[in-house]
>>> print(open('model-v6.cif').read())   # mmCIF, C-alpha atoms (C1' of nucleotides)
data_work
#
loop_
_atom_site.label_atom_id
_atom_site.label_comp_id
_atom_site.auth_asym_id
_atom_site.auth_seq_id
_atom_site.Cartn_x
_atom_site.Cartn_y
_atom_site.Cartn_z
CA MET A 1 -4.97 -36.10 -35.33
CA GLN A 2 -2.92 -39.16 -34.39
CA ARG A 3 0.63 -39.18 -35.65
CA MET A 4 2.20 -42.50 -36.47
CA THR A 5 5.25 -42.29 -34.28
CA ARG A 6 7.73 -45.07 -33.71
CA GLN A 7 6.31 -45.47 -30.20
CA ARG A 8 2.70 -45.76 -31.25
CA ILE A 9 3.64 -48.32 -33.87
CA ALA A 10 5.68 -50.28 -31.35
CA VAL A 11 2.83 -50.46 -28.85
CA THR A 12 0.26 -51.36 -31.47
CA SER A 13 2.39 -54.03 -33.07
CA LEU A 14 3.29 -55.57 -29.74
CA MET A 15 -0.34 -55.74 -28.71
CA GLU A 16 -1.34 -57.32 -31.99
CA SER A 17 1.06 -60.16 -31.26
CA LEU A 18 -0.41 -60.79 -27.82
CA ASP A 19 -3.52 -62.63 -26.81
CA ASP A 20 -3.99 -61.84 -23.16
CA PHE A 21 -4.55 -58.80 -21.02
CA ARG A 22 -1.43 -57.00 -19.81
CA SER A 23 -0.75 -54.03 -17.63
CA ALA A 24 0.92 -50.88 -18.88
CA GLN A 25 4.01 -51.77 -16.91
CA GLN A 26 4.19 -55.26 -18.40
CA LEU A 27 3.85 -53.85 -21.90
CA HIS A 28 6.53 -51.31 -21.11
CA ASP A 29 8.86 -54.13 -20.05
CA ASP A 30 7.95 -56.23 -23.08
CA LEU A 31 8.88 -53.35 -25.35
CA LYS A 32 12.22 -52.85 -23.65
CA GLU A 33 12.98 -56.54 -24.01
CA ARG A 34 12.10 -56.34 -27.68
CA GLY A 35 14.70 -53.62 -28.03
CA ASP A 36 11.96 -51.14 -28.85
CA ALA A 37 11.84 -49.16 -25.64
CA VAL A 38 9.10 -46.60 -25.09
CA GLY A 39 8.75 -44.32 -22.06
CA LEU A 40 6.27 -45.55 -19.47
CA ALA A 41 4.29 -42.32 -19.64
CA THR A 42 4.00 -42.74 -23.38
CA VAL A 43 2.80 -46.30 -22.96
CA TYR A 44 0.08 -45.02 -20.66
CA ARG A 45 -0.83 -42.19 -23.01
CA THR A 46 -0.93 -44.49 -26.01
CA LEU A 47 -3.04 -47.11 -24.29
CA GLN A 48 -5.47 -44.47 -23.16
CA SER A 49 -5.79 -43.12 -26.63
CA LEU A 50 -6.26 -46.61 -28.10
CA ALA A 51 -8.86 -47.37 -25.47
CA ASP A 52 -10.72 -44.14 -26.23
CA SER A 53 -10.86 -45.13 -29.88
CA GLY A 54 -12.22 -48.52 -28.91
CA ILE A 55 -9.19 -50.28 -30.35
CA VAL A 56 -8.17 -51.88 -27.09
CA ASP A 57 -10.21 -53.20 -24.20
CA VAL A 58 -9.48 -52.25 -20.62
CA LEU A 59 -10.21 -54.40 -17.62
CA ARG A 60 -9.52 -53.61 -14.02
CA ILE A 61 -8.00 -56.53 -12.20
CA GLU A 62 -6.62 -56.31 -8.71
CA ASP A 63 -5.96 -52.61 -8.54
CA GLU A 64 -4.56 -52.15 -11.98
CA ASN A 65 -5.72 -51.67 -15.52
CA VAL A 66 -4.92 -54.34 -18.06
CA TYR A 67 -5.20 -53.92 -21.80
CA ARG A 68 -5.74 -56.07 -24.84
CA MET A 69 -6.47 -55.49 -28.50
CA CYS A 70 -10.10 -56.32 -29.05
CA LYS A 71 -11.38 -58.76 -31.58
CA ARG A 72 -15.05 -58.10 -31.45
CA THR A 73 -16.17 -54.61 -32.31
CA GLY A 74 -18.81 -52.82 -30.31
CA HIS A 75 -20.04 -53.58 -26.83
CA HIS A 76 -19.06 -56.95 -25.37
CA HIS A 77 -17.92 -58.75 -22.24
CA HIS A 78 -15.11 -61.08 -21.24
CA LEU A 79 -14.63 -64.48 -19.74
CA VAL A 80 -11.14 -64.40 -18.28
CA CYS A 81 -9.15 -67.27 -16.82
CA ARG A 82 -7.90 -66.04 -13.48
CA ASN A 83 -4.94 -68.35 -13.70
CA CYS A 84 -3.49 -67.99 -17.20
CA GLY A 85 -5.28 -64.91 -18.48
CA THR A 86 -6.84 -66.60 -21.52
CA THR A 87 -9.81 -64.52 -22.55
CA GLU A 88 -12.97 -65.17 -24.53
CA GLU A 89 -15.04 -62.30 -25.83
CA LEU A 90 -18.77 -62.62 -25.34
CA ALA A 91 -21.80 -60.99 -26.86
CA GLY A 92 -24.28 -61.55 -24.05
CA LEU A 93 -27.50 -60.43 -25.68
CA GLU A 94 -29.51 -61.92 -22.82
CA VAL A 95 -27.69 -59.68 -20.41
CA GLU A 96 -28.31 -56.58 -22.48
CA ASP A 97 -32.00 -57.37 -22.54
CA TRP A 98 -32.05 -58.07 -18.83
CA ALA A 99 -30.29 -54.77 -18.10
CA LYS A 100 -32.79 -52.85 -20.23
CA LYS A 101 -35.72 -54.54 -18.56
CA ILE A 102 -34.40 -53.87 -15.05
CA ALA A 103 -33.66 -50.26 -15.91
CA ARG A 104 -37.19 -49.76 -17.21
CA GLU A 105 -38.71 -51.35 -14.14
CA HIS A 106 -36.83 -48.97 -11.88
CA GLY A 107 -37.43 -45.88 -13.97
CA PHE A 108 -33.78 -45.45 -14.84
CA VAL A 109 -32.65 -44.17 -18.23
CA GLU A 110 -29.38 -44.04 -20.15
CA VAL A 111 -28.32 -47.22 -18.46
CA ASP A 112 -24.89 -48.58 -19.03
CA HIS A 113 -23.32 -51.65 -17.47
CA THR A 114 -20.11 -53.40 -16.66
CA LEU A 115 -19.92 -57.17 -16.62
CA GLU A 116 -16.97 -59.51 -16.57
CA LEU A 117 -16.69 -63.21 -15.84
CA PHE A 118 -13.68 -64.74 -14.12
CA GLY A 119 -12.97 -68.43 -13.73
CA LEU A 120 -10.61 -71.26 -14.53
CA CYS A 121 -10.31 -72.36 -18.13
CA ALA A 122 -10.41 -76.05 -19.06
CA ASN A 123 -6.62 -76.27 -19.25
CA CYS A 124 -5.93 -74.70 -15.90
CA ALA A 125 -8.70 -76.66 -14.21
CA ALA A 126 -7.19 -79.91 -15.48
CA GLU A 127 -3.92 -79.37 -13.62
CA MET B 1 -12.13 -61.69 16.96
CA GLN B 2 -13.63 -58.27 16.32
CA ARG B 3 -13.55 -55.89 19.23
CA MET B 4 -16.32 -53.37 19.54
CA THR B 5 -14.26 -50.25 19.72
CA ARG B 6 -15.62 -46.72 19.72
CA GLN B 7 -14.30 -46.35 16.17
CA ARG B 8 -15.92 -49.46 14.80
CA ILE B 9 -19.22 -48.49 16.35
CA ALA B 10 -18.94 -44.97 14.94
CA VAL B 11 -18.30 -46.22 11.41
CA THR B 12 -21.04 -48.82 11.56
CA SER B 13 -23.61 -46.45 12.99
CA LEU B 14 -22.78 -43.76 10.45
CA MET B 15 -23.13 -46.19 7.59
CA GLU B 16 -26.44 -47.44 8.89
CA SER B 17 -27.77 -43.93 8.66
CA LEU B 18 -26.69 -43.50 5.04
CA ASP B 19 -28.27 -44.73 1.90
CA ASP B 20 -25.71 -44.14 -0.81
CA PHE B 21 -22.20 -45.24 -1.60
CA ARG B 22 -19.43 -43.13 -0.08
CA SER B 23 -15.68 -43.19 -0.23
CA ALA B 24 -13.47 -43.80 2.79
CA GLN B 25 -12.45 -40.17 2.75
CA GLN B 26 -16.04 -38.95 2.69
CA LEU B 27 -16.92 -41.19 5.60
CA HIS B 28 -13.87 -39.96 7.45
CA ASP B 29 -15.04 -36.36 6.95
CA ASP B 30 -18.61 -37.23 7.93
CA LEU B 31 -17.36 -38.71 11.18
CA LYS B 32 -15.30 -35.65 12.00
CA GLU B 33 -18.29 -33.43 11.35
CA ARG B 34 -20.38 -35.59 13.64
CA GLY B 35 -17.81 -34.95 16.35
CA ASP B 36 -16.88 -38.60 16.33
CA ALA B 37 -13.54 -38.44 14.59
CA VAL B 38 -11.77 -41.63 13.56
CA GLY B 39 -8.34 -41.87 11.96
CA LEU B 40 -8.41 -42.31 8.20
CA ALA B 41 -6.35 -45.48 8.38
CA THR B 42 -8.83 -46.91 10.84
CA VAL B 43 -11.71 -46.02 8.56
CA TYR B 44 -9.99 -47.93 5.76
CA ARG B 45 -9.24 -50.88 8.01
CA THR B 46 -12.77 -50.99 9.37
CA LEU B 47 -14.35 -50.79 5.93
CA GLN B 48 -12.13 -53.56 4.68
CA SER B 49 -13.07 -55.76 7.58
CA LEU B 50 -16.78 -55.02 7.13
CA ALA B 51 -16.48 -55.76 3.44
CA ASP B 52 -14.73 -59.05 4.13
CA SER B 53 -17.59 -60.04 6.40
CA GLY B 54 -20.06 -59.16 3.68
CA ILE B 55 -21.61 -56.44 5.81
CA VAL B 56 -20.85 -53.65 3.40
CA ASP B 57 -20.71 -53.59 -0.38
CA VAL B 58 -17.80 -52.13 -2.27
CA LEU B 59 -17.99 -50.58 -5.69
CA ARG B 60 -15.19 -49.08 -7.66
CA ILE B 61 -16.18 -45.79 -9.24
CA GLU B 62 -13.74 -43.51 -10.97
CA ASP B 63 -10.53 -44.61 -9.33
CA GLU B 64 -11.82 -45.01 -5.84
CA ASN B 65 -13.68 -47.50 -3.71
CA VAL B 66 -17.07 -46.55 -2.37
CA TYR B 67 -18.88 -48.35 0.40
CA ARG B 68 -22.42 -48.88 1.57
CA MET B 69 -24.15 -51.10 4.07
CA CYS B 70 -25.93 -53.79 2.16
CA LYS B 71 -29.57 -54.60 2.51
CA ARG B 72 -29.75 -57.80 0.62
CA THR B 73 -27.66 -60.66 1.92
CA GLY B 74 -25.69 -62.90 -0.38
CA HIS B 75 -24.67 -62.25 -3.95
CA HIS B 76 -26.33 -59.35 -5.72
CA HIS B 77 -25.80 -56.46 -8.09
CA HIS B 78 -26.49 -52.72 -8.13
CA LEU B 79 -28.28 -50.19 -10.23
CA VAL B 80 -26.63 -46.90 -9.36
CA CYS B 81 -27.70 -43.41 -10.41
CA ARG B 82 -24.60 -41.77 -11.79
CA ASN B 83 -25.92 -38.38 -10.84
CA CYS B 84 -27.22 -38.64 -7.26
CA GLY B 85 -25.84 -42.01 -6.18
CA THR B 86 -29.22 -43.56 -5.36
CA THR B 87 -28.79 -47.30 -5.46
CA GLU B 88 -31.10 -50.25 -5.95
CA GLU B 89 -29.99 -53.74 -5.09
CA LEU B 90 -30.82 -56.42 -7.63
CA ALA B 91 -31.02 -60.17 -7.53
CA GLY B 92 -30.49 -60.91 -11.22
CA LEU B 93 -31.18 -64.61 -11.35
CA GLU B 94 -31.27 -64.49 -15.14
CA VAL B 95 -27.72 -63.23 -15.15
CA GLU B 96 -26.50 -65.93 -12.81
CA ASP B 97 -28.01 -68.55 -15.08
CA TRP B 98 -26.55 -66.94 -18.14
CA ALA B 99 -23.09 -66.81 -16.55
CA LYS B 100 -23.28 -70.47 -15.63
CA LYS B 101 -24.37 -71.43 -19.10
CA ILE B 102 -21.63 -69.43 -20.77
CA ALA B 103 -19.03 -70.85 -18.41
CA ARG B 104 -20.12 -74.39 -19.20
CA GLU B 105 -20.07 -73.74 -22.94
CA HIS B 106 -16.48 -72.55 -22.74
CA GLY B 107 -15.29 -75.25 -20.38
CA PHE B 108 -14.60 -72.81 -17.56
CA VAL B 109 -15.17 -73.73 -13.93
CA GLU B 110 -15.38 -71.85 -10.65
CA VAL B 111 -16.79 -68.89 -12.48
CA ASP B 112 -17.42 -65.69 -10.66
CA HIS B 113 -18.67 -62.43 -12.08
CA THR B 114 -18.92 -58.71 -11.56
CA LEU B 115 -21.89 -56.77 -12.83
CA GLU B 116 -23.07 -53.27 -12.10
CA LEU B 117 -25.58 -51.03 -13.83
CA PHE B 118 -25.19 -47.27 -14.03
CA GLY B 119 -27.80 -44.83 -15.25
CA LEU B 120 -29.98 -41.88 -14.38
CA CYS B 121 -32.77 -42.42 -11.89
CA ALA B 122 -36.27 -41.08 -12.58
CA ASN B 123 -35.70 -38.00 -10.44
CA CYS B 124 -32.43 -36.98 -12.01
CA ALA B 125 -33.69 -37.68 -15.52
CA ALA B 126 -36.67 -35.39 -14.92
CA GLU B 127 -34.48 -32.35 -14.30
"C1'" DT C 1 -3.36 -58.97 31.69
"C1'" DT C 2 -2.67 -59.37 26.85
"C1'" DA C 3 -3.99 -59.69 22.34
"C1'" DT C 4 -6.01 -56.55 19.31
"C1'" DC C 5 -6.95 -51.87 17.76
"C1'" DT C 6 -5.78 -47.00 16.86
"C1'" DG C 7 -3.45 -42.89 15.15
"C1'" DC C 8 0.05 -40.85 12.96
"C1'" DA C 9 3.19 -40.30 9.61
"C1'" DA C 10 5.76 -42.51 6.26
"C1'" DA C 11 5.73 -45.69 2.45
"C1'" DG C 12 3.67 -47.74 -1.59
"C1'" DT C 13 1.64 -48.02 -6.10
"C1'" DA C 14 -0.50 -47.13 -10.30
"C1'" DT C 15 -1.25 -43.31 -13.03
"C1'" DT C 16 -0.91 -38.42 -14.53
"C1'" DT C 17 1.30 -34.07 -15.62
"C1'" DG C 18 4.70 -30.13 -16.60
"C1'" DC C 19 8.01 -28.88 -19.57
"C1'" DA C 20 11.89 -28.77 -22.61
"C1'" DT C 21 13.17 -31.42 -26.64
"C1'" DA C 22 12.30 -34.23 -30.66
"C1'" DA C 23 9.84 -35.62 -34.55
"C1'" DT C 24 5.66 -35.81 -37.69
"C1'" DG C 25 2.82 -34.26 -41.50
"C1'" DC D 1 7.53 -24.98 -40.22
"C1'" DA D 2 3.79 -25.55 -36.95
"C1'" DT D 3 1.96 -28.71 -34.18
"C1'" DT D 4 1.75 -32.74 -31.69
"C1'" DA D 5 4.26 -36.52 -29.26
"C1'" DT D 6 7.97 -38.03 -26.14
"C1'" DG D 7 10.75 -38.69 -22.01
"C1'" DC D 8 11.99 -37.76 -17.67
"C1'" DA D 9 11.12 -36.68 -13.20
"C1'" DA D 10 8.16 -34.77 -10.06
"C1'" DA D 11 3.47 -34.66 -8.60
"C1'" DT D 12 -1.07 -36.97 -7.52
"C1'" DA D 13 -4.37 -39.55 -5.08
"C1'" DC D 14 -5.88 -43.42 -2.90
"C1'" DT D 15 -4.63 -46.93 0.05
"C1'" DT D 16 -1.56 -49.64 3.04
"C1'" DT D 17 1.79 -50.28 6.70
"C1'" DG D 18 5.16 -49.87 10.78
"C1'" DC D 19 5.17 -48.95 15.26
"C1'" DA D 20 4.41 -47.14 19.90
"C1'" DG D 21 0.78 -46.27 22.84
"C1'" DA D 22 -4.20 -47.17 24.05
"C1'" DT D 23 -8.01 -50.24 24.93
"C1'" DA D 24 -11.45 -54.08 24.97
"C1'" DA D 25 -12.31 -58.53 26.93
#
>>> encode(input="model-v6.cif", output="structure tokens")
Amino acid sequence: MQRMTRQRIAVTSLMESLDDFRSAQQLHDDLKERGDAVGLATVYRTLQSLADSGIVDVLRIEDENVYRMCKRTGHHHHLVCRNCGTTEELAGLEVEDWAKKIAREHGFVEVDHTLELFGLCANCAAE
Amino acid sequence: MQRMTRQRIAVTSLMESLDDFRSAQQLHDDLKERGDAVGLATVYRTLQSLADSGIVDVLRIEDENVYRMCKRTGHHHHLVCRNCGTTEELAGLEVEDWAKKIAREHGFVEVDHTLELFGLCANCAAE
DNA sequence: TTATCTGCAAAGTATTTGCATAATG
DNA sequence: CATTATGCAAATACTTTGCAGATAA
């Protein structure tokens, strides 16, 4: 159902070489610089499809979506440096348990949650 | 620094009478219906100012900001019914502690976090 | 009085979509 | 070859902003 087009390969390979979250526009620019230009709409469509398949993570930061290939499979959270973008993936079992407990207490079912941590990493704090 | 204009009073009083999160556009419509029309830009500006003062909470749901007067003062989270919008405010001390612990373990400082729970409330689940 | 607020319409921005063309399987 | 993907530009939708006139203190 997914064709391996030059564009999809370009996006995927670029993202594999990166370690921080980037916006669709940034990725679009990166690709152009690499001499592997892909239309902006296609970048958006590809990212959406990769996100739907759980291949990339999406975070919303300051009015825009940013994307990154994910390391950890399944549900997880992030600890993102608000200065340099360095990101750690977290399991957060305690939080899952807490969310379940709270949901039960309030009579809610099918509870889902969003959780992200933002701060300054050791490097950036040292400056 | 904040003048008590007719518009600011209208927005505040409307929000005090509501119990769920609403978008700026919805509030703008509500005001018109009430016969107390306020320009959309003013609604946005007022909500932003109220949010900055910590008087209203802002949540981002499906590409738009939604606002509600907050009950609990200080930092807290929400458990929102994705069907009817009913919202419970939560303290979540366990989560705060967890976030601090994780931050310390990774050498991050000045850590902040976002956390929201979404589910179906008892009423909506019963249907 | 005068600094701040309002309303309108125009601008801005990230993202999506229509459609003709290109390329995959 | 049939179907799906691409690229461009135009369309969306929410939100912000410039500015002249109105208003609270």
>>> calpha_fit_and_write(input="model-v6.cif", fixed="chain B", moving="chain A", output="mmCIF file with C-alpha atoms, in the coordinates of the input")
data_model
loop_
_atom_site.group_PDB
_atom_site.id
_atom_site.type_symbol
_atom_site.label_atom_id
_atom_site.label_comp_id
_atom_site.auth_asym_id
_atom_site.auth_seq_id
_atom_site.Cartn_x
_atom_site.Cartn_y
_atom_site.Cartn_z
ATOM 1 C CA MET A 1 -12.116 -61.614 17.158
ATOM 2 C CA GLN A 2 -13.592 -58.177 16.480
ATOM 3 C CA ARG A 3 -13.527 -55.785 19.389
ATOM 4 C CA MET A 4 -16.297 -53.252 19.662
ATOM 5 C CA THR A 5 -14.238 -50.109 19.803
ATOM 6 C CA ARG A 6 -15.601 -46.596 19.742
ATOM 7 C CA GLN A 7 -14.280 -46.261 16.187
ATOM 8 C CA ARG A 8 -15.892 -49.399 14.855
ATOM 9 C CA ILE A 9 -19.194 -48.389 16.398
ATOM 10 C CA ALA A 10 -18.912 -44.904 14.937
ATOM 11 C CA VAL A 11 -18.293 -46.188 11.419
ATOM 12 C CA THR A 12 -21.038 -48.777 11.615
ATOM 13 C CA SER A 13 -23.598 -46.390 13.019
ATOM 14 C CA LEU A 14 -22.780 -43.722 10.473
ATOM 15 C CA MET A 15 -23.142 -46.172 7.621
ATOM 16 C CA GLU A 16 -26.454 -47.422 8.935
ATOM 17 C CA SER A 17 -27.794 -43.886 8.688
ATOM 18 C CA LEU A 18 -26.707 -43.508 5.073
ATOM 19 C CA ASP A 19 -28.304 -44.757 1.916
ATOM 20 C CA ASP A 20 -25.743 -44.175 -0.780
ATOM 21 C CA PHE A 21 -22.240 -45.283 -1.578
ATOM 22 C CA ARG A 22 -19.438 -43.196 -0.086
ATOM 23 C CA SER A 23 -15.695 -43.263 -0.249
ATOM 24 C CA ALA A 24 -13.500 -43.876 2.764
ATOM 25 C CA GLN A 25 -12.435 -40.259 2.690
ATOM 26 C CA GLN A 26 -16.021 -39.004 2.626
ATOM 27 C CA LEU A 27 -16.914 -41.224 5.564
ATOM 28 C CA HIS A 28 -13.850 -39.993 7.394
ATOM 29 C CA ASP A 29 -15.005 -36.402 6.870
ATOM 30 C CA ASP A 30 -18.574 -37.243 7.857
ATOM 31 C CA LEU A 31 -17.326 -38.693 11.120
ATOM 32 C CA LYS A 32 -15.243 -35.634 11.894
ATOM 33 C CA GLU A 33 -18.232 -33.406 11.237
ATOM 34 C CA ARG A 34 -20.309 -35.547 13.559
ATOM 35 C CA GLY A 35 -17.752 -34.883 16.261
ATOM 36 C CA ASP A 36 -16.825 -38.553 16.254
ATOM 37 C CA ALA A 37 -13.479 -38.415 14.515
ATOM 38 C CA VAL A 38 -11.726 -41.623 13.515
ATOM 39 C CA GLY A 39 -8.290 -41.878 11.892
ATOM 40 C CA LEU A 40 -8.380 -42.334 8.130
ATOM 41 C CA ALA A 41 -6.324 -45.514 8.335
ATOM 42 C CA THR A 42 -8.806 -46.914 10.810
ATOM 43 C CA VAL A 43 -11.688 -46.033 8.528
ATOM 44 C CA TYR A 44 -9.982 -47.978 5.766
ATOM 45 C CA ARG A 45 -9.224 -50.908 8.046
ATOM 46 C CA THR A 46 -12.758 -50.994 9.389
ATOM 47 C CA LEU A 47 -14.364 -50.813 5.974
ATOM 48 C CA GLN A 48 -12.156 -53.598 4.742
ATOM 49 C CA SER A 49 -13.077 -55.763 7.646
ATOM 50 C CA LEU A 50 -16.794 -55.021 7.206
ATOM 51 C CA ALA A 51 -16.512 -55.782 3.519
ATOM 52 C CA ASP A 52 -14.757 -59.082 4.231
ATOM 53 C CA SER A 53 -17.613 -60.058 6.514
ATOM 54 C CA GLY A 54 -20.088 -59.185 3.795
ATOM 55 C CA ILE A 55 -21.632 -56.450 5.913
ATOM 56 C CA VAL A 56 -20.874 -53.683 3.464
ATOM 57 C CA ASP A 57 -20.772 -53.634 -0.310
ATOM 58 C CA VAL A 58 -17.858 -52.192 -2.227
ATOM 59 C CA LEU A 59 -18.071 -50.661 -5.658
ATOM 60 C CA ARG A 60 -15.282 -49.168 -7.671
ATOM 61 C CA ILE A 61 -16.273 -45.900 -9.249
ATOM 62 C CA GLU A 62 -13.850 -43.624 -11.004
ATOM 63 C CA ASP A 63 -10.646 -44.788 -9.412
ATOM 64 C CA GLU A 64 -11.884 -45.142 -5.898
ATOM 65 C CA ASN A 65 -13.726 -47.592 -3.727
ATOM 66 C CA VAL A 66 -17.102 -46.613 -2.363
ATOM 67 C CA TYR A 67 -18.909 -48.403 0.425
ATOM 68 C CA ARG A 68 -22.442 -48.927 1.607
ATOM 69 C CA MET A 69 -24.176 -51.124 4.144
ATOM 70 C CA CYS A 70 -25.947 -53.839 2.230
ATOM 71 C CA LYS A 71 -29.591 -54.631 2.513
ATOM 72 C CA ARG A 72 -29.799 -57.836 0.615
ATOM 73 C CA THR A 73 -27.729 -60.703 1.908
ATOM 74 C CA GLY A 74 -25.764 -62.936 -0.400
ATOM 75 C CA HIS A 75 -24.706 -62.289 -3.959
ATOM 76 C CA HIS A 76 -26.377 -59.372 -5.734
ATOM 77 C CA HIS A 77 -25.825 -56.462 -8.092
ATOM 78 C CA HIS A 78 -26.516 -52.740 -8.125
ATOM 79 C CA LEU A 79 -28.299 -50.195 -10.219
ATOM 80 C CA VAL A 80 -26.653 -46.904 -9.336
ATOM 81 C CA CYS A 81 -27.701 -43.416 -10.366
ATOM 82 C CA ARG A 82 -24.581 -41.778 -11.713
ATOM 83 C CA ASN A 83 -25.901 -38.392 -10.745
ATOM 84 C CA CYS A 84 -27.242 -38.680 -7.195
ATOM 85 C CA GLY A 85 -25.881 -42.042 -6.111
ATOM 86 C CA THR A 86 -29.271 -43.601 -5.329
ATOM 87 C CA THR A 87 -28.833 -47.342 -5.454
ATOM 88 C CA GLU A 88 -31.152 -50.289 -5.973
ATOM 89 C CA GLU A 89 -30.033 -53.783 -5.107
ATOM 90 C CA LEU A 90 -30.838 -56.440 -7.666
ATOM 91 C CA ALA A 91 -31.046 -60.195 -7.623
ATOM 92 C CA GLY A 92 -30.477 -60.889 -11.305
ATOM 93 C CA LEU A 93 -31.197 -64.595 -11.472
ATOM 94 C CA GLU A 94 -31.241 -64.453 -15.269
ATOM 95 C CA VAL A 95 -27.704 -63.177 -15.236
ATOM 96 C CA GLU A 96 -26.510 -65.901 -12.904
ATOM 97 C CA ASP A 97 -27.990 -68.503 -15.202
ATOM 98 C CA TRP A 98 -26.496 -66.856 -18.254
ATOM 99 C CA ALA A 99 -23.059 -66.744 -16.613
ATOM 100 C CA LYS A 100 -23.257 -70.436 -15.714
ATOM 101 C CA LYS A 101 -24.327 -71.371 -19.208
ATOM 102 C CA ILE A 102 -21.546 -69.349 -20.847
ATOM 103 C CA ALA A 103 -18.970 -70.782 -18.475
ATOM 104 C CA ARG A 104 -20.071 -74.322 -19.288
ATOM 105 C CA GLU A 105 -19.970 -73.664 -23.005
ATOM 106 C CA HIS A 106 -16.392 -72.461 -22.775
ATOM 107 C CA GLY A 107 -15.212 -75.171 -20.421
ATOM 108 C CA PHE A 108 -14.548 -72.769 -17.583
ATOM 109 C CA VAL A 109 -15.160 -73.709 -13.957
ATOM 110 C CA GLU A 110 -15.405 -71.853 -10.657
ATOM 111 C CA VAL A 111 -16.777 -68.879 -12.489
ATOM 112 C CA ASP A 112 -17.428 -65.695 -10.651
ATOM 113 C CA HIS A 113 -18.673 -62.411 -12.063
ATOM 114 C CA THR A 114 -18.917 -58.714 -11.520
ATOM 115 C CA LEU A 115 -21.872 -56.759 -12.821
ATOM 116 C CA GLU A 116 -23.069 -53.268 -12.071
ATOM 117 C CA LEU A 117 -25.564 -51.023 -13.812
ATOM 118 C CA PHE A 118 -25.169 -47.258 -13.978
ATOM 119 C CA GLY A 119 -27.751 -44.796 -15.222
ATOM 120 C CA LEU A 120 -29.943 -41.856 -14.345
ATOM 121 C CA CYS A 121 -32.762 -42.410 -11.894
ATOM 122 C CA ALA A 122 -36.258 -41.080 -12.604
ATOM 123 C CA ASN A 123 -35.705 -38.009 -10.433
ATOM 124 C CA CYS A 124 -32.430 -36.977 -11.975
ATOM 125 C CA ALA A 125 -33.670 -37.648 -15.494
ATOM 126 C CA ALA A 126 -36.647 -35.362 -14.893
ATOM 127 C CA GLU A 127 -34.459 -32.319 -14.263
#
>>> residues_around(input="model-v6.cif", residues="range 7-20 of chain A", least_positions_apart="2", cutoff="9 Å", atoms="all atoms listed in the file", output="PyMOL selection string")
(chain A and resi 3-5+22+27-28+30-31+36-39+42-43+46-47+50+56+67-69+84-87) or (chain D and resi 6)
>>> write_last_selection(input="model-v6.cif", atoms="C-alpha atoms (C1' of nucleotides)", output="mmCIF file, keeping the file's coordinate frame")
data_model
loop_
_atom_site.group_PDB
_atom_site.id
_atom_site.type_symbol
_atom_site.label_atom_id
_atom_site.label_comp_id
_atom_site.auth_asym_id
_atom_site.auth_seq_id
_atom_site.Cartn_x
_atom_site.Cartn_y
_atom_site.Cartn_z
ATOM 1 C CA ARG A 3 0.630 -39.180 -35.650
ATOM 2 C CA MET A 4 2.200 -42.500 -36.470
ATOM 3 C CA THR A 5 5.250 -42.290 -34.280
ATOM 4 C CA ARG A 22 -1.430 -57.000 -19.810
ATOM 5 C CA LEU A 27 3.850 -53.850 -21.900
ATOM 6 C CA HIS A 28 6.530 -51.310 -21.110
ATOM 7 C CA ASP A 30 7.950 -56.230 -23.080
ATOM 8 C CA LEU A 31 8.880 -53.350 -25.350
ATOM 9 C CA ASP A 36 11.960 -51.140 -28.850
ATOM 10 C CA ALA A 37 11.840 -49.160 -25.640
ATOM 11 C CA VAL A 38 9.100 -46.600 -25.090
ATOM 12 C CA GLY A 39 8.750 -44.320 -22.060
ATOM 13 C CA THR A 42 4.000 -42.740 -23.380
ATOM 14 C CA VAL A 43 2.800 -46.300 -22.960
ATOM 15 C CA THR A 46 -0.930 -44.490 -26.010
ATOM 16 C CA LEU A 47 -3.040 -47.110 -24.290
ATOM 17 C CA LEU A 50 -6.260 -46.610 -28.100
ATOM 18 C CA VAL A 56 -8.170 -51.880 -27.090
ATOM 19 C CA TYR A 67 -5.200 -53.920 -21.800
ATOM 20 C CA ARG A 68 -5.740 -56.070 -24.840
ATOM 21 C CA MET A 69 -6.470 -55.490 -28.500
ATOM 22 C CA CYS A 84 -3.490 -67.990 -17.200
ATOM 23 C CA GLY A 85 -5.280 -64.910 -18.480
ATOM 24 C CA THR A 86 -6.840 -66.600 -21.520
ATOM 25 C CA THR A 87 -9.810 -64.520 -22.550
ATOM 26 C "C1'" DT D 6 7.970 -38.030 -26.140
#
>>> residues_around(input="model-v6.cif", residues="range 94-99 of chain B", least_positions_apart="4", cutoff="12 Å", atoms="only C-alpha atoms (C1' of nucleotides)", output="count of residues only")
37
>>> atom_distance(input="model-v6.cif", atom1="CA of Arg6 in chain A", atom2="C1' of DC1 in chain D")
21.1 Å
>>> resolve_selection(input="model-v6.cif", expression="the PyMOL selection byres ((chain D and resi 11) around 10)", output="JSON list (two decimals) with C-alpha atoms (C1' of nucleotides), keeping the file's coordinate frame")
[["chain", "number", "residue", "atom", "x", "y", "z"],
["C", 16, "DT", "C1'", -0.91, -38.42, -14.53],
["C", 17, "DT", "C1'", 1.30, -34.07, -15.62],
["C", 18, "DG", "C1'", 4.70, -30.13, -16.60],
["D", 9, "DA", "C1'", 11.12, -36.68, -13.20],
["D", 10, "DA", "C1'", 8.16, -34.77, -10.06],
["D", 12, "DT", "C1'", -1.07, -36.97, -7.52],
["D", 13, "DA", "C1'", -4.37, -39.55, -5.08]]
>>> interface_residues(input="model-v6.cif", of="chain D", to="chain A", cutoff="9 Å", atoms="all atoms listed in the file", output="ChimeraX atom specification")
/D:4-8
>>> closest_atom_pairs(input="model-v6.cif", of="chain C", to="chain B", cutoff="10 Å", atoms="all atoms listed in the file", output="Markdown table")
| residue | atom | partner | partner_atom | distance |
| --- | --- | --- | --- | --- |
| C:DA3 | C1' | B:Met1 | CA | 10.0 |
| C:DT4 | C1' | B:Arg3 | CA | 7.6 |
| C:DC5 | C1' | B:Thr5 | CA | 7.7 |
| C:DT6 | C1' | B:Thr42 | CA | 6.7 |
| C:DG7 | C1' | B:Gly39 | CA | 5.9 |
| C:DC8 | C1' | B:Gly39 | CA | 8.5 |
